[in-house]
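Dropping model09.cif in here (mmCIF, N, CA and C atoms):
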```cif
data_query
#
loop_
_atom_site.label_atom_id
_atom_site.label_comp_id
_atom_site.auth_asym_id
_atom_site.auth_seq_id
_atom_site.Cartn_x
_atom_site.Cartn_y
_atom_site.Cartn_z
N LEU A 1 -36.98 -28.23 54.13
CA LEU A 1 -35.87 -28.55 53.25
C LEU A 1 -34.62 -28.77 54.08
N ARG A 2 -33.91 -29.82 53.79
CA ARG A 2 -32.63 -30.09 54.43
C ARG A 2 -31.55 -29.79 53.40
N ILE A 3 -30.96 -28.63 53.55
CA ILE A 3 -30.01 -28.14 52.55
C ILE A 3 -28.59 -28.54 52.97
N PHE A 4 -27.89 -29.18 52.06
CA PHE A 4 -26.54 -29.64 52.34
C PHE A 4 -25.55 -28.47 52.17
N ASN A 5 -24.32 -28.69 51.82
CA ASN A 5 -23.28 -27.67 51.81
C ASN A 5 -23.41 -26.74 50.60
N VAL A 6 -24.04 -25.60 50.84
CA VAL A 6 -24.26 -24.62 49.77
C VAL A 6 -22.97 -23.85 49.52
N TYR A 7 -22.70 -23.56 48.26
CA TYR A 7 -21.57 -22.70 47.92
C TYR A 7 -21.97 -21.80 46.77
N GLY A 8 -21.29 -20.68 46.68
CA GLY A 8 -21.56 -19.73 45.60
C GLY A 8 -20.88 -18.41 45.87
N PRO A 9 -21.02 -17.48 44.93
CA PRO A 9 -20.39 -16.17 45.06
C PRO A 9 -20.79 -15.47 46.36
N LYS A 10 -19.85 -14.76 46.93
CA LYS A 10 -20.03 -13.94 48.14
C LYS A 10 -20.30 -14.75 49.40
N GLN A 11 -19.93 -16.02 49.38
CA GLN A 11 -20.08 -16.85 50.57
C GLN A 11 -19.06 -16.43 51.62
N LYS A 12 -19.40 -16.58 52.88
CA LYS A 12 -18.50 -16.23 53.99
C LYS A 12 -17.19 -16.99 53.88
N GLU A 13 -16.10 -16.35 54.23
CA GLU A 13 -14.75 -16.90 54.04
C GLU A 13 -14.42 -18.09 54.92
N TYR A 14 -15.16 -18.35 55.97
CA TYR A 14 -14.80 -19.46 56.85
C TYR A 14 -15.33 -20.81 56.35
N PHE A 15 -16.10 -20.84 55.26
CA PHE A 15 -16.51 -22.11 54.66
C PHE A 15 -15.38 -22.64 53.79
N LEU A 16 -15.40 -23.94 53.49
CA LEU A 16 -14.29 -24.59 52.82
C LEU A 16 -13.91 -23.95 51.48
N ILE A 17 -14.85 -23.84 50.57
CA ILE A 17 -14.49 -23.35 49.23
C ILE A 17 -13.95 -21.93 49.26
N PRO A 18 -14.58 -20.99 49.95
CA PRO A 18 -13.97 -19.65 50.04
C PRO A 18 -12.60 -19.67 50.75
N THR A 19 -12.42 -20.57 51.71
CA THR A 19 -11.12 -20.70 52.38
C THR A 19 -10.05 -21.10 51.37
N ILE A 20 -10.38 -22.06 50.51
CA ILE A 20 -9.44 -22.48 49.46
C ILE A 20 -9.17 -21.32 48.51
N LEU A 21 -10.23 -20.69 48.03
CA LEU A 21 -10.07 -19.60 47.05
C LEU A 21 -9.27 -18.43 47.61
N SER A 22 -9.41 -18.16 48.89
CA SER A 22 -8.70 -17.03 49.49
C SER A 22 -7.19 -17.27 49.59
N GLN A 23 -6.76 -18.52 49.44
CA GLN A 23 -5.35 -18.86 49.55
C GLN A 23 -4.67 -19.12 48.21
N LEU A 24 -5.38 -18.95 47.11
CA LEU A 24 -4.84 -19.31 45.80
C LEU A 24 -3.58 -18.54 45.42
N ASP A 25 -3.47 -17.29 45.82
CA ASP A 25 -2.29 -16.50 45.47
C ASP A 25 -1.02 -17.03 46.11
N ASP A 26 -1.16 -17.76 47.21
CA ASP A 26 0.01 -18.28 47.92
C ASP A 26 0.52 -19.60 47.36
N ASN A 27 -0.26 -20.28 46.53
CA ASN A 27 0.07 -21.58 45.95
C ASN A 27 0.17 -22.70 46.98
N CYS A 28 0.05 -22.38 48.26
CA CYS A 28 0.07 -23.38 49.32
C CYS A 28 -1.18 -23.18 50.16
N LEU A 29 -1.99 -24.23 50.26
CA LEU A 29 -3.25 -24.14 50.98
C LEU A 29 -3.13 -24.82 52.34
N PHE A 30 -3.61 -24.17 53.36
CA PHE A 30 -3.65 -24.73 54.71
C PHE A 30 -5.09 -25.13 55.01
N LEU A 31 -5.32 -26.45 55.08
CA LEU A 31 -6.66 -26.99 55.26
C LEU A 31 -6.67 -28.03 56.37
N GLY A 32 -7.86 -28.39 56.80
CA GLY A 32 -8.01 -29.46 57.78
C GLY A 32 -8.03 -30.80 57.06
N ASN A 33 -9.04 -31.61 57.36
CA ASN A 33 -9.17 -32.93 56.74
C ASN A 33 -9.48 -32.77 55.26
N THR A 34 -8.63 -33.32 54.41
CA THR A 34 -8.83 -33.18 52.96
C THR A 34 -9.43 -34.43 52.33
N ASN A 35 -9.73 -35.44 53.14
CA ASN A 35 -10.26 -36.69 52.60
C ASN A 35 -11.75 -36.89 52.81
N SER A 36 -12.32 -36.27 53.84
CA SER A 36 -13.76 -36.41 54.08
C SER A 36 -14.53 -35.79 52.91
N LYS A 37 -15.61 -36.45 52.53
CA LYS A 37 -16.40 -35.99 51.38
C LYS A 37 -17.72 -35.40 51.83
N ARG A 38 -18.10 -34.33 51.15
CA ARG A 38 -19.36 -33.65 51.43
C ARG A 38 -20.11 -33.39 50.14
N ASP A 39 -21.41 -33.26 50.25
CA ASP A 39 -22.25 -32.94 49.11
C ASP A 39 -22.33 -31.41 49.01
N TYR A 40 -21.72 -30.85 47.97
CA TYR A 40 -21.73 -29.41 47.74
C TYR A 40 -22.75 -29.10 46.66
N VAL A 41 -23.65 -28.16 46.97
CA VAL A 41 -24.71 -27.79 46.04
C VAL A 41 -24.60 -26.30 45.74
N TYR A 42 -24.63 -25.97 44.47
CA TYR A 42 -24.48 -24.58 44.04
C TYR A 42 -25.74 -23.78 44.39
N ILE A 43 -25.58 -22.55 44.77
CA ILE A 43 -26.68 -21.70 45.25
C ILE A 43 -27.84 -21.61 44.26
N LYS A 44 -27.55 -21.57 42.96
CA LYS A 44 -28.63 -21.48 41.97
C LYS A 44 -29.48 -22.75 41.99
N ASP A 45 -28.87 -23.89 42.28
CA ASP A 45 -29.65 -25.13 42.41
C ASP A 45 -30.50 -25.10 43.68
N VAL A 46 -29.99 -24.52 44.75
CA VAL A 46 -30.78 -24.41 45.98
C VAL A 46 -32.03 -23.57 45.71
N ILE A 47 -31.86 -22.46 45.02
CA ILE A 47 -33.00 -21.59 44.71
C ILE A 47 -34.03 -22.32 43.86
N SER A 48 -33.56 -23.06 42.86
CA SER A 48 -34.51 -23.79 42.00
C SER A 48 -35.20 -24.91 42.77
N ALA A 49 -34.51 -25.53 43.72
CA ALA A 49 -35.12 -26.58 44.54
C ALA A 49 -36.22 -26.00 45.43
N ILE A 50 -35.96 -24.85 46.02
CA ILE A 50 -36.98 -24.19 46.85
C ILE A 50 -38.21 -23.88 46.01
N SER A 51 -37.99 -23.35 44.84
CA SER A 51 -39.09 -23.03 43.92
C SER A 51 -39.87 -24.27 43.53
N ALA A 52 -39.15 -25.36 43.23
CA ALA A 52 -39.81 -26.61 42.84
C ALA A 52 -40.70 -27.14 43.96
N VAL A 53 -40.20 -27.11 45.19
CA VAL A 53 -40.99 -27.60 46.32
C VAL A 53 -42.19 -26.71 46.57
N MET A 54 -41.99 -25.40 46.50
CA MET A 54 -43.11 -24.48 46.71
C MET A 54 -44.19 -24.66 45.64
N GLY A 55 -43.77 -24.93 44.42
CA GLY A 55 -44.73 -25.12 43.34
C GLY A 55 -45.44 -26.46 43.38
N HIS A 56 -44.84 -27.42 44.04
CA HIS A 56 -45.39 -28.78 44.07
C HIS A 56 -46.12 -29.11 45.36
N HIS A 57 -45.64 -28.60 46.46
CA HIS A 57 -46.14 -28.98 47.78
C HIS A 57 -47.58 -28.51 47.98
N LYS A 58 -48.43 -29.43 48.41
CA LYS A 58 -49.86 -29.13 48.56
C LYS A 58 -50.31 -29.07 50.01
N GLY A 59 -49.39 -28.79 50.90
CA GLY A 59 -49.75 -28.75 52.32
C GLY A 59 -49.22 -29.97 53.04
N GLY A 60 -49.42 -29.99 54.32
CA GLY A 60 -48.88 -31.09 55.11
C GLY A 60 -47.40 -30.89 55.35
N PHE A 61 -46.75 -31.97 55.68
CA PHE A 61 -45.34 -31.88 56.03
C PHE A 61 -44.55 -32.84 55.16
N GLY A 62 -43.50 -32.35 54.56
CA GLY A 62 -42.62 -33.19 53.75
C GLY A 62 -41.18 -32.79 53.97
N ILE A 63 -40.29 -33.75 53.86
CA ILE A 63 -38.86 -33.47 54.02
C ILE A 63 -38.18 -33.72 52.68
N TYR A 64 -37.44 -32.73 52.22
CA TYR A 64 -36.71 -32.84 50.96
C TYR A 64 -35.24 -32.53 51.23
N ASN A 65 -34.36 -33.41 50.79
CA ASN A 65 -32.92 -33.14 50.86
C ASN A 65 -32.52 -32.35 49.62
N VAL A 66 -31.82 -31.25 49.84
CA VAL A 66 -31.35 -30.41 48.73
C VAL A 66 -29.84 -30.53 48.66
N GLY A 67 -29.37 -31.15 47.60
CA GLY A 67 -27.94 -31.34 47.40
C GLY A 67 -27.69 -31.66 45.94
N SER A 68 -26.46 -31.98 45.64
CA SER A 68 -26.12 -32.34 44.27
C SER A 68 -26.28 -33.83 44.03
N GLY A 69 -26.29 -34.61 45.12
CA GLY A 69 -26.35 -36.06 45.00
C GLY A 69 -24.97 -36.68 44.81
N SER A 70 -23.94 -35.83 44.80
CA SER A 70 -22.54 -36.28 44.68
C SER A 70 -21.76 -35.72 45.85
N SER A 71 -20.64 -36.36 46.17
CA SER A 71 -19.82 -35.83 47.26
C SER A 71 -18.38 -35.66 46.78
N TYR A 72 -17.72 -34.68 47.36
CA TYR A 72 -16.34 -34.34 46.97
C TYR A 72 -15.53 -34.06 48.22
N SER A 73 -14.27 -34.46 48.19
CA SER A 73 -13.35 -34.14 49.27
C SER A 73 -12.71 -32.79 48.99
N ALA A 74 -12.10 -32.20 50.01
CA ALA A 74 -11.37 -30.94 49.82
C ALA A 74 -10.26 -31.15 48.79
N ARG A 75 -9.64 -32.30 48.84
CA ARG A 75 -8.56 -32.61 47.87
C ARG A 75 -9.10 -32.61 46.44
N GLU A 76 -10.31 -33.17 46.23
CA GLU A 76 -10.92 -33.18 44.90
C GLU A 76 -11.32 -31.78 44.45
N ILE A 77 -11.75 -30.96 45.39
CA ILE A 77 -12.09 -29.57 45.06
C ILE A 77 -10.84 -28.83 44.62
N VAL A 78 -9.74 -29.02 45.36
CA VAL A 78 -8.47 -28.38 44.99
C VAL A 78 -8.04 -28.84 43.61
N LYS A 79 -8.17 -30.13 43.32
CA LYS A 79 -7.79 -30.66 42.01
C LYS A 79 -8.63 -30.02 40.90
N THR A 80 -9.92 -29.84 41.14
CA THR A 80 -10.79 -29.20 40.16
C THR A 80 -10.35 -27.76 39.92
N ILE A 81 -10.00 -27.06 40.99
CA ILE A 81 -9.52 -25.67 40.85
C ILE A 81 -8.20 -25.65 40.09
N GLU A 82 -7.32 -26.59 40.37
CA GLU A 82 -6.05 -26.67 39.63
C GLU A 82 -6.32 -26.82 38.13
N ASN A 83 -7.28 -27.66 37.78
CA ASN A 83 -7.61 -27.87 36.37
C ASN A 83 -8.20 -26.61 35.73
N ILE A 84 -9.04 -25.91 36.47
CA ILE A 84 -9.64 -24.67 35.95
C ILE A 84 -8.58 -23.60 35.75
N LYS A 85 -7.74 -23.42 36.77
CA LYS A 85 -6.74 -22.34 36.77
C LYS A 85 -5.45 -22.73 36.04
N LYS A 86 -5.33 -24.04 35.73
CA LYS A 86 -4.09 -24.57 35.12
C LYS A 86 -2.88 -24.16 35.97
N LYS A 87 -3.01 -24.50 37.25
CA LYS A 87 -2.03 -24.08 38.26
C LYS A 87 -1.89 -25.20 39.29
N LYS A 88 -0.66 -25.53 39.65
CA LYS A 88 -0.41 -26.56 40.66
C LYS A 88 -0.43 -25.92 42.05
N LEU A 89 -1.15 -26.56 42.97
CA LEU A 89 -1.26 -26.07 44.34
C LEU A 89 -0.78 -27.17 45.29
N SER A 90 -0.19 -26.76 46.39
CA SER A 90 0.17 -27.74 47.41
C SER A 90 -0.75 -27.56 48.61
N ILE A 91 -0.94 -28.65 49.34
CA ILE A 91 -1.82 -28.63 50.50
C ILE A 91 -1.03 -29.03 51.73
N ARG A 92 -1.19 -28.25 52.78
CA ARG A 92 -0.61 -28.58 54.08
C ARG A 92 -1.73 -28.68 55.10
N THR A 93 -1.59 -29.61 56.02
CA THR A 93 -2.61 -29.80 57.04
C THR A 93 -2.42 -28.81 58.17
N ASP A 94 -3.49 -28.10 58.48
CA ASP A 94 -3.52 -27.21 59.64
C ASP A 94 -4.29 -27.96 60.72
N LYS A 95 -3.58 -28.47 61.72
CA LYS A 95 -4.19 -29.31 62.76
C LYS A 95 -5.29 -28.59 63.52
N ARG A 96 -5.25 -27.26 63.56
CA ARG A 96 -6.29 -26.49 64.24
C ARG A 96 -7.63 -26.61 63.52
N LYS A 97 -7.60 -26.99 62.25
CA LYS A 97 -8.83 -27.09 61.47
C LYS A 97 -9.40 -28.52 61.42
N LEU A 98 -8.75 -29.45 62.09
CA LEU A 98 -9.24 -30.83 62.11
C LEU A 98 -10.38 -30.97 63.11
N ARG A 99 -11.36 -31.79 62.76
CA ARG A 99 -12.51 -32.04 63.64
C ARG A 99 -12.51 -33.51 64.04
N GLU A 100 -12.67 -33.77 65.31
CA GLU A 100 -12.65 -35.14 65.80
C GLU A 100 -13.89 -35.93 65.41
N ASP A 101 -15.03 -35.27 65.31
CA ASP A 101 -16.30 -35.97 65.09
C ASP A 101 -16.76 -35.95 63.63
N GLU A 102 -15.84 -35.84 62.71
CA GLU A 102 -16.19 -35.70 61.30
C GLU A 102 -16.48 -37.05 60.65
N TYR A 103 -17.58 -37.12 59.91
CA TYR A 103 -17.92 -38.31 59.14
C TYR A 103 -17.06 -38.37 57.89
N SER A 104 -16.81 -39.57 57.39
CA SER A 104 -15.96 -39.70 56.20
C SER A 104 -16.70 -39.26 54.94
N GLU A 105 -18.04 -39.39 54.93
CA GLU A 105 -18.79 -38.96 53.75
C GLU A 105 -20.22 -38.59 54.12
N GLU A 106 -20.70 -37.51 53.53
CA GLU A 106 -22.09 -37.10 53.64
C GLU A 106 -22.57 -36.75 52.24
N ARG A 107 -23.69 -37.37 51.85
CA ARG A 107 -24.25 -37.14 50.52
C ARG A 107 -25.76 -37.09 50.63
N ALA A 108 -26.37 -36.14 49.95
CA ALA A 108 -27.82 -36.00 49.98
C ALA A 108 -28.48 -37.05 49.10
N ASP A 109 -29.53 -37.66 49.62
CA ASP A 109 -30.39 -38.51 48.81
C ASP A 109 -31.46 -37.58 48.23
N ILE A 110 -31.33 -37.25 46.97
CA ILE A 110 -32.23 -36.27 46.36
C ILE A 110 -33.38 -36.93 45.58
N ALA A 111 -33.64 -38.20 45.86
CA ALA A 111 -34.69 -38.94 45.14
C ALA A 111 -36.06 -38.30 45.30
N LYS A 112 -36.37 -37.79 46.47
CA LYS A 112 -37.69 -37.19 46.68
C LYS A 112 -37.85 -35.93 45.83
N LEU A 113 -36.79 -35.13 45.73
CA LEU A 113 -36.84 -33.95 44.85
C LEU A 113 -36.94 -34.38 43.39
N ALA A 114 -36.21 -35.42 43.03
CA ALA A 114 -36.27 -35.92 41.66
C ALA A 114 -37.68 -36.40 41.32
N SER A 115 -38.40 -36.93 42.31
CA SER A 115 -39.76 -37.43 42.07
C SER A 115 -40.74 -36.31 41.72
N ILE A 116 -40.39 -35.07 42.03
CA ILE A 116 -41.25 -33.93 41.64
C ILE A 116 -40.64 -33.18 40.45
N GLY A 117 -39.62 -33.79 39.83
CA GLY A 117 -39.06 -33.23 38.60
C GLY A 117 -37.84 -32.35 38.75
N TRP A 118 -37.27 -32.25 39.97
CA TRP A 118 -36.09 -31.40 40.16
C TRP A 118 -34.82 -32.21 40.08
N THR A 119 -33.84 -31.68 39.38
CA THR A 119 -32.48 -32.22 39.39
C THR A 119 -31.51 -31.05 39.39
N PRO A 120 -30.34 -31.22 39.99
CA PRO A 120 -29.36 -30.13 39.96
C PRO A 120 -28.88 -29.89 38.54
N LYS A 121 -28.66 -28.63 38.20
CA LYS A 121 -28.21 -28.27 36.86
C LYS A 121 -26.74 -27.85 36.82
N TYR A 122 -26.17 -27.54 37.98
CA TYR A 122 -24.81 -27.00 38.04
C TYR A 122 -23.88 -27.98 38.73
N ASP A 123 -22.83 -28.38 38.03
CA ASP A 123 -21.85 -29.27 38.65
C ASP A 123 -20.80 -28.45 39.39
N LEU A 124 -19.94 -29.14 40.11
CA LEU A 124 -18.92 -28.48 40.94
C LEU A 124 -18.03 -27.56 40.10
N LYS A 125 -17.61 -28.01 38.94
CA LYS A 125 -16.72 -27.20 38.10
C LYS A 125 -17.38 -25.89 37.70
N TYR A 126 -18.64 -25.93 37.31
CA TYR A 126 -19.36 -24.72 36.92
C TYR A 126 -19.41 -23.72 38.08
N GLY A 127 -19.79 -24.21 39.25
CA GLY A 127 -19.89 -23.33 40.42
C GLY A 127 -18.55 -22.72 40.78
N LEU A 128 -17.51 -23.53 40.73
CA LEU A 128 -16.17 -23.01 41.04
C LEU A 128 -15.74 -21.96 40.02
N CYS A 129 -16.06 -22.20 38.75
CA CYS A 129 -15.73 -21.20 37.72
C CYS A 129 -16.43 -19.88 38.01
N GLU A 130 -17.70 -19.93 38.39
CA GLU A 130 -18.43 -18.71 38.72
C GLU A 130 -17.79 -17.98 39.91
N MET A 131 -17.38 -18.74 40.91
CA MET A 131 -16.79 -18.11 42.08
C MET A 131 -15.42 -17.52 41.74
N LEU A 132 -14.67 -18.17 40.89
CA LEU A 132 -13.34 -17.67 40.50
C LEU A 132 -13.44 -16.41 39.63
N ASN A 133 -14.58 -16.25 38.95
CA ASN A 133 -14.75 -15.10 38.06
C ASN A 133 -15.50 -13.94 38.70
N GLN A 134 -15.81 -14.02 39.99
CA GLN A 134 -16.55 -12.94 40.63
C GLN A 134 -15.69 -11.74 40.94
#
```
This entry written out as structure tokens:
Amino acid sequence: LRIFNVYGPKQKEYFLIPTILSQLDDNCLFLGNTNSKRDYVYIKDVISAISAVMGHHKGGFGIYNVGSGSSYSAREIVKTIENIKKKKLSIRTDKRKLREDEYSEERADIAKLASIGWTPKYDLKYGLCEMLNQ
């Protein structure tokens, strides 16, 4: 399984979403590149994808991409959090967090998982709500 950017409750603070959430009380977020897009997949979808592959796979070797099939920028994640919290946040660039070799977009092709009947059930807003309520 090739698992893309997993997020969910109790995730380590150095990942993007927990980094954003840890700064919410300050109303000003210090982030790196806010325009690059990544495929974020909620942990419950990862677990169901593993189960689906284990229940379907009959041996041999297969590669399955596990993701949501959608991509979001840090700026879009912040906007979603603003809508959930009904709170305006500002973003400042922290140059120490910028990466020179970053791709502009990464998105999982989940067609192979879909061919065995799996689709993600949790969208970004749902996952963020769960993390905000933990």
Spatial neighbours of segment 65-67 of chain A, 9 Å, only C-alpha atoms, chain gap at least 5 places, as a ChimeraX atom specification: /A:1-6,39-42,45-46,49-50,107-113,120
With only N, CA and C atoms as the counted atoms, please give the residues lying no more than 6 Å from Thr93 of chain A, apart from itself and same-chain residues fewer than 4 positions off, as an MDAnalysis selection string. chainID A and resid 30:32
Just give me the gap between atom CA of Gly8 of chain A and atom CA of Ile43 of chain A in Å, one decimal is fine.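 Result for atom CA of Gly8 of chain A versus atom CA of Ile43 of chain A: 5.5 Å, one decimal.
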Which residues, written as a ChimeraX atom specification, have at least one atom at most 8 Å from Cys28 of chain A, with only N, CA and C atoms counted and residues fewer than 5 positions away on the same chain left out? /A:23,88-92
DSSP alpha helix (DSSP H) residues within chain A, as a PyMOL selection string: chain A and resi 16-22+43-56+74-85+111-114+124-132
Would you list, as a list in words, the residues of chain A that end up in strand (DSSP E) under DSSP run on this structure's backbone? Arg2, Ile3, Asn5, Val6, Tyr7, Cys28, Leu29, Phe30, Leu31, Lys37, Arg38, Tyr40, Val41, Tyr42, Asn65, Val66, Tyr72, Ser73, Ser90, Ile91, Arg92 and Thr93 of chain A
Quick one, how far is atom N of Thr34 of chain A from atom CA of Tyr64 of chain A? 28.3 Å
Separation of atom CA of Lys95 of chain A from atom CA of Pro9 of chain A, in Å and rounded to one decimal: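 Separation between atom CA of Lys95 of chain A and atom CA of Pro9 of chain A: 27.4 Å.
Taking only C-alpha atoms, the non-local environment of Glu13 of chain A within 8 Å (same-chain residues fewer than 4 positions away omitted) comprises Pro18, Thr19 and Ser22 of chain A.
You can rank A:Ile47, A:Val78, A:Ala52, A:Ile20 by their closest distance to Gly117 of chain A using only N, CA and C atoms, and at the top of that list sits A:Ala52.
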Shortest contact to Glu106 of chain A, candidates A:Leu24, A:Ser70, A:Ser51, A:His56, atoms counted only C-alpha atoms, goes to A:Ser70
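Each of A:Ser104, A:Asn35, A:Ser48, A:Gln11 was checked against Thr119 of chain A using all atoms listed in the file; the smallest atom-to-atom distance is that of A:Ser48.
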Considering all atoms listed in the file, state which residue in the set A:Leu21, A:Ser36, A:Ile84, A:Leu128 is at the smallest distance from Glu105 of chain A.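 Counting all atoms listed in the file, the residue closest to Glu105 of chain A is A:Ser36.
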With distances taken over only N, CA and C atoms, the candidate from A:Asp123, A:Ile116, A:Cys129, A:Glu100 nearest Val53 of chain A is A:Ile116
Could you list, as a PDB file with N, CA and C atoms, in the frame of the given file, every residue within 8 Å of Lys125 of chain A, counting only N, CA and C atoms and ignoring same-chain residues fewer than 6 positions away?
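The resulting file, result-v2.pdb, is reproduced below:
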```pdb
ATOM      1  N   THR A  80      -9.920 -29.840  41.140  1.00  0.00           N
ATOM      2  CA  THR A  80     -10.790 -29.200  40.160  1.00  0.00           C
ATOM      3  C   THR A  80     -10.350 -27.760  39.920  1.00  0.00           C
ATOM      4  N   ILE A  81     -10.000 -27.060  40.990  1.00  0.00           N
ATOM      5  CA  ILE A  81      -9.520 -25.670  40.850  1.00  0.00           C
ATOM      6  C   ILE A  81      -8.200 -25.650  40.090  1.00  0.00           C
ATOM      7  N   ILE A  84      -9.040 -25.910  36.470  1.00  0.00           N
ATOM      8  CA  ILE A  84      -9.640 -24.670  35.950  1.00  0.00           C
ATOM      9  C   ILE A  84      -8.580 -23.600  35.750  1.00  0.00           C
ATOM     10  N   MET A 131     -17.380 -18.740  40.910  1.00  0.00           N
ATOM     11  CA  MET A 131     -16.790 -18.110  42.080  1.00  0.00           C
ATOM     12  C   MET A 131     -15.420 -17.520  41.740  1.00  0.00           C
TER      13      MET A 131
END
```
Provide an axis-aligned box for all listed atoms of segment 9-12 of chain A, padding each side by 6 Å; report its centre and its edge lengths in Å to one decimal, as lines of an AutoDock Vina configuration file.
```
center_x = -19.1
center_y = -15.7
center_z = 49.5
size_x = 15.8
size_y = 15.5
size_z = 21.1
```
Residue nearest Ser73 of chain A among A:Asp94, A:Tyr14, A:Arg38, A:Gly55 (counting only N, CA and C atoms):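 Of A:Asp94, A:Tyr14, A:Arg38, A:Gly55, the one nearest Ser73 of chain A, counting only N, CA and C atoms, is A:Arg38.
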